[in-house]
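One structure is given here, and the rest of the page talks about it.
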Amino acid sequence: MDIASQYARALHELVEKEPAKGKEYLRNLREVLMQRGHGKLLPRIYGAYERLQLRSERSKRFSTATKEQERTRKLVELYRHLVNTH
């Protein structure tokens with residue numbers, strides 16, 4: 001994992017914990033990067049952060065099951081159990 005990905009992951013974790021402070025975290029990250037001479041990493045960090053955010057959103061969207069999906073899953077499970085026992 002490269003340094004840009006590490007920065008992006010740290011920023012993503014902080015923003016997930018406290019979304020209201022997202023702009024403050026981003027401003028502080030920019031200042032730290034400039035102090036360390038890593039300012040050129042900002043575009044790569046932003047890209048990695050966007051990918052992490054997209055992955056997180058997709059995970060949340062697809063992890064929730066509706067009542068109908070849950071009922072279908074249970075019926076399939078019961079059917080498989082019935083087929084395997086006879």
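Lettering and numbering for the structure tokens are positional, with chains as A, B, ... in the shown order, residues counted from 1 in each chain, and ligands counted from 1 in the shown order.
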
8 Å contact set for Leu52 of chain A, only C-alpha atoms, chain neighbours under 3 positions out, as a PDB file with C-alpha atoms, in the first residue's frame:
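In the end it all went to part.pdb:
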```pdb
ATOM      1  CA  ALA A   8      -6.838   8.286   2.019  1.00  0.00           C
ATOM      2  CA  ARG A   9      -7.719   5.399   4.321  1.00  0.00           C
ATOM      3  CA  HIS A  12     -11.914   8.033   5.233  1.00  0.00           C
ATOM      4  CA  ALA A  48      -8.053   6.755  -3.480  1.00  0.00           C
ATOM      5  CA  TYR A  49     -10.509   8.447  -1.111  1.00  0.00           C
ATOM      6  CA  ARG A  55     -16.869   0.996  -2.016  1.00  0.00           C
ATOM      7  CA  SER A  56     -18.364   1.971   1.336  1.00  0.00           C
TER       8      SER A  56
END
```

**Item:** Length of the atom CA of Glu13 of chain A to atom CA of Arg44 of chain A vector [Å]
**Value:**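 Interatomic distance here is 17.1 Å.
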
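Put simply, atom CA of Arg73 of chain A is 23.5 Å away from atom CA of Glu57 of chain A.
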
**Message:** as a VMD selection string, please: every residue in chain A that DSSP puts in alpha helix (DSSP H).
**Reply:** chain A and resid 3 to 17 22 to 36 42 to 63 67 to 85

**Asked** Which one is closest to Ile3 of chain A: A:Val83, A:Leu26, A:Leu54, A:Leu41? Count only C-alpha atoms.
**Response**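 Comparing A:Val83, A:Leu26, A:Leu54, A:Leu41 against Ile3 of chain A, the winner is A:Leu41.
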
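The shortest atom-to-atom distance to Gly22 of chain A, with only C-alpha atoms taken into account, belongs to A:Ala10 out of A:Gln35, A:Ser63, A:Tyr79, A:Ala10.
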
Please provide the set of residues having any atom within 8 Å of Leu42 of chain A, restricted to only C-alpha atoms, with same-chain residues fewer than 4 positions apart removed, written as a PDB file with N, CA, C and O atoms, in the first residue's frame.
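Result written to part_16.pdb:
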```pdb
ATOM      1  N   ALA A   4      -0.126   7.403  -0.492  1.00  0.00           N
ATOM      2  CA  ALA A   4      -1.373   8.099  -0.830  1.00  0.00           C
ATOM      3  C   ALA A   4      -2.579   7.285  -0.355  1.00  0.00           C
ATOM      4  O   ALA A   4      -3.538   7.842   0.178  1.00  0.00           O
ATOM      5  N   ARG A  30      -4.251  18.757   4.224  1.00  0.00           N
ATOM      6  CA  ARG A  30      -3.554  19.582   3.224  1.00  0.00           C
ATOM      7  C   ARG A  30      -2.387  20.324   3.855  1.00  0.00           C
ATOM      8  O   ARG A  30      -1.287  20.365   3.289  1.00  0.00           O
ATOM      9  N   HIS A  38       4.702  16.784   0.699  1.00  0.00           N
ATOM     10  CA  HIS A  38       3.945  15.756  -0.012  1.00  0.00           C
ATOM     11  C   HIS A  38       2.719  16.337  -0.713  1.00  0.00           C
ATOM     12  O   HIS A  38       1.771  15.613  -0.997  1.00  0.00           O
ATOM     13  N   TYR A  46      -6.945  11.990  -3.222  1.00  0.00           N
ATOM     14  CA  TYR A  46      -8.347  12.244  -3.544  1.00  0.00           C
ATOM     15  C   TYR A  46      -8.951  11.080  -4.337  1.00  0.00           C
ATOM     16  O   TYR A  46     -10.065  10.639  -4.057  1.00  0.00           O
TER      17      TYR A  46
END
```

**Message:** Between atom CA of Met34 of chain A and atom CA of Lys17 of chain A, what distance in Å does the model show, to one decimal?
**Reply:**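 Distance reported for this atom pair: 24.8 Å.
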
**Request:** Find the residue from A:Lys67, A:Gly37, A:Tyr7, A:Glu77 that sits nearest to Tyr25 of chain A; use only C-alpha atoms when measuring.
**Result:**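 Looking only at the distances to Tyr25 of chain A, the closest residue turns out to be A:Tyr7.
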